[in-house]
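> Take this structure first; my questions come after.
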Amino acid sequence: MSLSWPWALAALLVVPLLLLARWWANRRRRRFAVRVSSVALIRAAVPGRTAWRRRIPVILFSAALVFLAVGAARPQASVRVPANATSILLALDVSRSMCSTDVQPNRITAAQAAAREFIKAQGGETKIGLVTFSGIAAMLVEPTTDQEALLKAIDGLQTGRGTAIGQAILTSIDAIAETNPAVPPTGVTSPDGASPTPSGAPADYQADTIVVLTDGANTQGVEPVTAAEQASARGLRVYTIGFGTTQPAPMVCSPDQISGGSAFGSDGGRFGGGFGGGGGRVQQIDEETLEKVAEITGGEYFRAEDADQLQDVLTDLPGNFVGQLKKVEISVWFVLLGTLLAVTAVVLSLRWNRSLSLPAAAVARREPPR
């Protein structure tokens with residue numbers, strides 16, 4: 001539990017002050033006690049009061065003041081957000097390097113299979129959005145629980161030239177902003193309290209999450225670190241996955257996996273840079289940038305060199321962000337409990353003190369002093 005206004009706890013000083021005032025009043029009362037002619041008459045007229053009856057109202061009222069003071073400090077508790085209140089934006093790299101066959105049959109096919117299993121594993125309870133990026137980023141499927149629409153989009157992925165990781169993050173932010181009013185879209189100043197802390201991580205995270213899967217480095221558009229700062233300012237975690245090996249491998253994609261529909265293989269599909277041994281292209285993953293993006297946003301970076309590792313990463317991811325903890329103010333419960341205790345203390349005090357007052361008949365029979 002945390003406090004929004006911890007300085008309000010200074011109100012707790014009222015409790016010892018009131019107890020001190022009560023002790024002082026009782027001390028003065030004993031010093032100036034009124035003498036009566038017949039103590040036996042008073043004892044017969046006034047019922048006895050045990051020590052616990054004298055103390056219970058005081059204890060209850062003191063506890064009420066403590067709860068009210070804590071309530072004034074605006075306590076916040078961390079509660080787990082249900083899965084159906086979250087959105088996961090899955091940003092998939094569909095650059096031409098995803099045709100590399102270092103992961104069999106090629107990277108994009110392995111990524112499609114892992115993404116399909118990830119979507120099915122959510123059981124339709126969590127909203128999932130699909131963003132694809134090569135030279136540009138596109139919102140392929142807005143956050144939805146419609147698994148059929150997501151799986152159909154996954155099956156139709158096509159590769160293109162370029163890699164715009166930063167733009168993919170910004171596109172994901174805008175998609176989340178459409179469904180979460182607490183997240184302003186890109187280009188809009190984030191609200192007070194959503195700005196990142198000096199360490200880079202925001203004070204409070206949204207339940208929505210961005211997952212970026214890429215096999216290379218940003219080649220155009222906004223820098224990924226700049227986009228990560230935008231996500232961090234909005235309390236959005238970004239989890240990054242570097243996919244593939246650094247071993248040279250031929251580029252082989254089927255016609256339906258290439259934008260434009262022309263198939264190419266290891267002999268005819270040489271593009272975008274030099275080739276290593278064995279007639280294949282060497283694709284380097286910018287792990288430093290991906291780690292930085294995850295660090296800035298409070299996410300995590302994962303490395304997957306084959307289809308099984310990618311499947312494991314995506315399978316384990318929901319345990320990190322679905323149903324994340326979110327701070328909720330609970331001051332109202334402290335105020336309600338404090339008010340209830342205060343009312344109870346007053347009622348008990350009035351009731352028991354009334355029973356201790358002298359009956360009128362006893363007062364009438366009081367003997368005059370001699």
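A note on labels: chains of the structure tokens are A, B, ... as shown, every chain counts residues from 1, and ligands are counted from 1 in their shown order.
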For Val293 of chain A, list every protein, DNA or RNA residue within 8 Å, evaluated using only C-alpha atoms, and leave out those in the same chain fewer than 3 positions away; present the list as a CSV table (one decimal) with N, CA and C atoms, in the first residue's frame.

chain,number,residue,atom,x,y,z
A,224,PRO,N,13.6,3.7,-32.5
A,224,PRO,CA,12.9,2.9,-31.5
A,224,PRO,C,13.0,3.5,-30.1
A,225,VAL,N,14.2,4.0,-29.7
A,225,VAL,CA,14.3,4.6,-28.4
A,225,VAL,C,13.4,5.8,-28.2
A,228,ALA,N,10.0,4.5,-27.7
A,228,ALA,CA,9.9,3.9,-26.4
A,228,ALA,C,9.7,4.9,-25.3
A,238,VAL,N,6.8,-2.2,-23.1
A,238,VAL,CA,7.1,-2.8,-24.4
A,238,VAL,C,8.1,-4.0,-24.2
A,240,THR,N,10.3,-6.8,-26.0
A,240,THR,CA,10.9,-7.0,-27.3
A,240,THR,C,11.5,-8.4,-27.5
A,289,THR,N,19.6,-2.0,-29.0
A,289,THR,CA,18.4,-1.1,-29.1
A,289,THR,C,17.2,-1.8,-28.5
A,290,LEU,N,17.0,-3.0,-28.8
A,290,LEU,CA,15.8,-3.7,-28.3
A,290,LEU,C,15.9,-3.8,-26.7
A,296,ILE,N,13.6,1.1,-21.0
A,296,ILE,CA,12.9,2.4,-20.8
A,296,ILE,C,11.5,2.2,-20.4
A,297,THR,N,10.8,1.3,-21.0
A,297,THR,CA,9.4,1.1,-20.7
A,297,THR,C,9.0,0.2,-19.6
A,299,GLY,N,9.7,-3.0,-19.7
A,299,GLY,CA,9.4,-4.4,-20.2
A,299,GLY,C,10.6,-5.3,-20.1
> Do a neighbour search on Leu317 of chain A at 12 Å with only C-alpha atoms, toss out local chain neighbours closer than 5 positions, and write the hits as a count of residues only.
24
> Restricting the calculation to only C-alpha atoms: of A:Ala153, A:Ala114, A:Val188, A:Ala249, which residue gets closest to Gln309 of chain A?
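Residue with the minimum atom-to-atom distance to Gln309 of chain A: A:Ala114.
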> According to DSSP computed on the backbone, where in segment 105-143 of chain A is there alpha helix (DSSP H)? Give the residues as a PyMOL selection string.
chain A and resi 107-121
> Smallest atom-to-atom distance to Cys253 of chain A: which of A:Thr171, A:Thr226, A:Thr101, A:Thr214, using only C-alpha atoms?
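Distance minimum relative to Cys253 of chain A lands on A:Thr101.
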> Please return as a ChimeraX atom specification: the residues of segment 98-272 of chain A that backbone DSSP assigns to strand (DSSP E or B).
/A:100,127-133,137-144,159-160,196,202,209-214,237-243,249,251,253,258,264
> From the list A:Leu350, A:Gly244, A:Trp7, A:Cys99, which residue is nearest Val70 of chain A when using only C-alpha atoms?
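Closest to Val70 of chain A, using only C-alpha atoms: A:Trp7.
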> Please, what distance in Å, to one decimal, runs between atom CA of Met98 of chain A and atom CA of Arg303 of chain A?
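Atom-to-atom, atom CA of Met98 of chain A and atom CA of Arg303 of chain A are spaced 15.5 Å apart.
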> If we count only C-alpha atoms and set the cut-off at 7 Å, which residues sit around Leu348 of chain A, ignoring sequence neighbours fewer than 4 positions away in its own chain? Please answer as a PyMOL selection string.
chain A and resi 57+344+352
> Using only N, CA, C and O atoms, please write the residues we just selected to a file, as a PDB file, in the first residue's frame.

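Heads up, here's the output in out.pdb:
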ATOM      1  N   PRO A  57     -15.357   3.102  24.646  1.00  0.00           N
ATOM      2  CA  PRO A  57     -15.628   4.255  23.777  1.00  0.00           C
ATOM      3  C   PRO A  57     -14.365   5.037  23.409  1.00  0.00           C
ATOM      4  O   PRO A  57     -14.227   5.518  22.282  1.00  0.00           O
ATOM      5  N   THR A 344     -20.078   4.567  16.618  1.00  0.00           N
ATOM      6  CA  THR A 344     -20.247   3.530  17.640  1.00  0.00           C
ATOM      7  C   THR A 344     -19.732   4.001  18.991  1.00  0.00           C
ATOM      8  O   THR A 344     -20.362   3.771  20.037  1.00  0.00           O
ATOM      9  N   TRP A 352     -24.072   4.388  27.970  1.00  0.00           N
ATOM     10  CA  TRP A 352     -23.549   3.955  29.262  1.00  0.00           C
ATOM     11  C   TRP A 352     -23.501   5.108  30.256  1.00  0.00           C
ATOM     12  O   TRP A 352     -23.728   4.918  31.442  1.00  0.00           O
TER      13      TRP A 352
END
> Work out how far apart atom CA of Leu337 of chain A and atom CA of Ala63 of chain A are and give it in Å to one decimal.
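Here the two named atoms are 9.4 Å from each other.
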> Pick the closest to Glu223 of chain A from A:Ala72, A:Leu170, A:Ala207, A:Ile128: which is it, counting only C-alpha atoms?
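Of all the options, A:Leu170 lies closest to Glu223 of chain A.
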> Which distance in Å separates atom CA of Pro184 of chain A and atom CA of Asn218 of chain A, to one decimal?
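Atom CA of Asn218 of chain A lies 24.7 Å from atom CA of Pro184 of chain A.
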> What's around segment 304-306 of chain A at 6 Å? Count only C-alpha atoms, leave out sequence neighbours fewer than 6 positions away in its own chain, and write the answer as a list in words.
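What passes the distance filter is Val103, Phe243, Gly244 and Thr245 of chain A.
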> Given the selection you just returned, output its residues as a file containing C-alpha atoms, formatted as an mmCIF file, in the first residue's frame.

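Saved the output as part05.cif:
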data_model
loop_
_atom_site.group_PDB
_atom_site.id
_atom_site.type_symbol
_atom_site.label_atom_id
_atom_site.label_comp_id
_atom_site.auth_asym_id
_atom_site.auth_seq_id
_atom_site.Cartn_x
_atom_site.Cartn_y
_atom_site.Cartn_z
ATOM 1 C CA VAL A 103 14.929 -21.003 -38.955
ATOM 2 C CA PHE A 243 14.316 -13.605 -33.554
ATOM 3 C CA GLY A 244 16.737 -15.575 -35.692
ATOM 4 C CA THR A 245 20.420 -16.476 -35.726
#
> Here is a test: counting only C-alpha atoms, which residue of A:Ala138, A:Gly124, A:Asn106, A:Ser87 is nearest to Asn180 of chain A?
A:Ser87
> Tell me, as a list of chain:residue names, which residues lie within 9 Å of Ala227 of chain A, counting only C-alpha atoms; anything in the same chain fewer than 5 positions away does not count.
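Final neighbour list, sorted by chain and number: A:Ile165, A:Gly166, A:Gln167, A:Ala168, A:Ile169, A:Leu170, A:Val222, A:Ser232, A:Val293.
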> Would you output that residue set with N, CA and C atoms, as a PDB file, in the first residue's frame?

ATOM      1  N   ILE A 165      10.893  -0.229 -36.808  1.00  0.00           N
ATOM      2  CA  ILE A 165      10.536  -0.678 -35.461  1.00  0.00           C
ATOM      3  C   ILE A 165       9.899   0.452 -34.660  1.00  0.00           C
ATOM      4  N   GLY A 166      10.503   1.644 -34.723  1.00  0.00           N
ATOM      5  CA  GLY A 166       9.970   2.766 -33.958  1.00  0.00           C
ATOM      6  C   GLY A 166       8.556   3.120 -34.374  1.00  0.00           C
ATOM      7  N   GLN A 167       8.293   3.119 -35.676  1.00  0.00           N
ATOM      8  CA  GLN A 167       6.950   3.440 -36.163  1.00  0.00           C
ATOM      9  C   GLN A 167       5.947   2.381 -35.717  1.00  0.00           C
ATOM     10  N   ALA A 168       6.384   1.145 -35.616  1.00  0.00           N
ATOM     11  CA  ALA A 168       5.495   0.076 -35.144  1.00  0.00           C
ATOM     12  C   ALA A 168       5.074   0.327 -33.700  1.00  0.00           C
ATOM     13  N   ILE A 169       5.991   0.801 -32.881  1.00  0.00           N
ATOM     14  CA  ILE A 169       5.658   1.106 -31.477  1.00  0.00           C
ATOM     15  C   ILE A 169       4.662   2.251 -31.413  1.00  0.00           C
ATOM     16  N   LEU A 170       4.881   3.292 -32.219  1.00  0.00           N
ATOM     17  CA  LEU A 170       3.958   4.435 -32.219  1.00  0.00           C
ATOM     18  C   LEU A 170       2.575   4.024 -32.707  1.00  0.00           C
ATOM     19  N   VAL A 222      11.061   6.818 -37.324  1.00  0.00           N
ATOM     20  CA  VAL A 222      11.458   7.262 -35.995  1.00  0.00           C
ATOM     21  C   VAL A 222      12.328   6.207 -35.312  1.00  0.00           C
ATOM     22  N   SER A 232       6.702   4.935 -22.659  1.00  0.00           N
ATOM     23  CA  SER A 232       6.965   5.045 -21.223  1.00  0.00           C
ATOM     24  C   SER A 232       6.181   6.183 -20.597  1.00  0.00           C
ATOM     25  N   VAL A 293      14.938  -0.341 -25.416  1.00  0.00           N
ATOM     26  CA  VAL A 293      13.493  -0.106 -25.511  1.00  0.00           C
ATOM     27  C   VAL A 293      12.765  -0.767 -24.345  1.00  0.00           C
TER      28      VAL A 293
END
> Using only C-alpha atoms for the distances, tell me which of A:Arg351, A:Gly187, A:Leu341, A:Arg107 is nearest to Val58 of chain A.
A:Leu341
> Write out as a count of residues only which residues come within 8 Å of Arg74 of chain A when counting only C-alpha atoms, dropping same-chain ones fewer than 2 positions away.
11
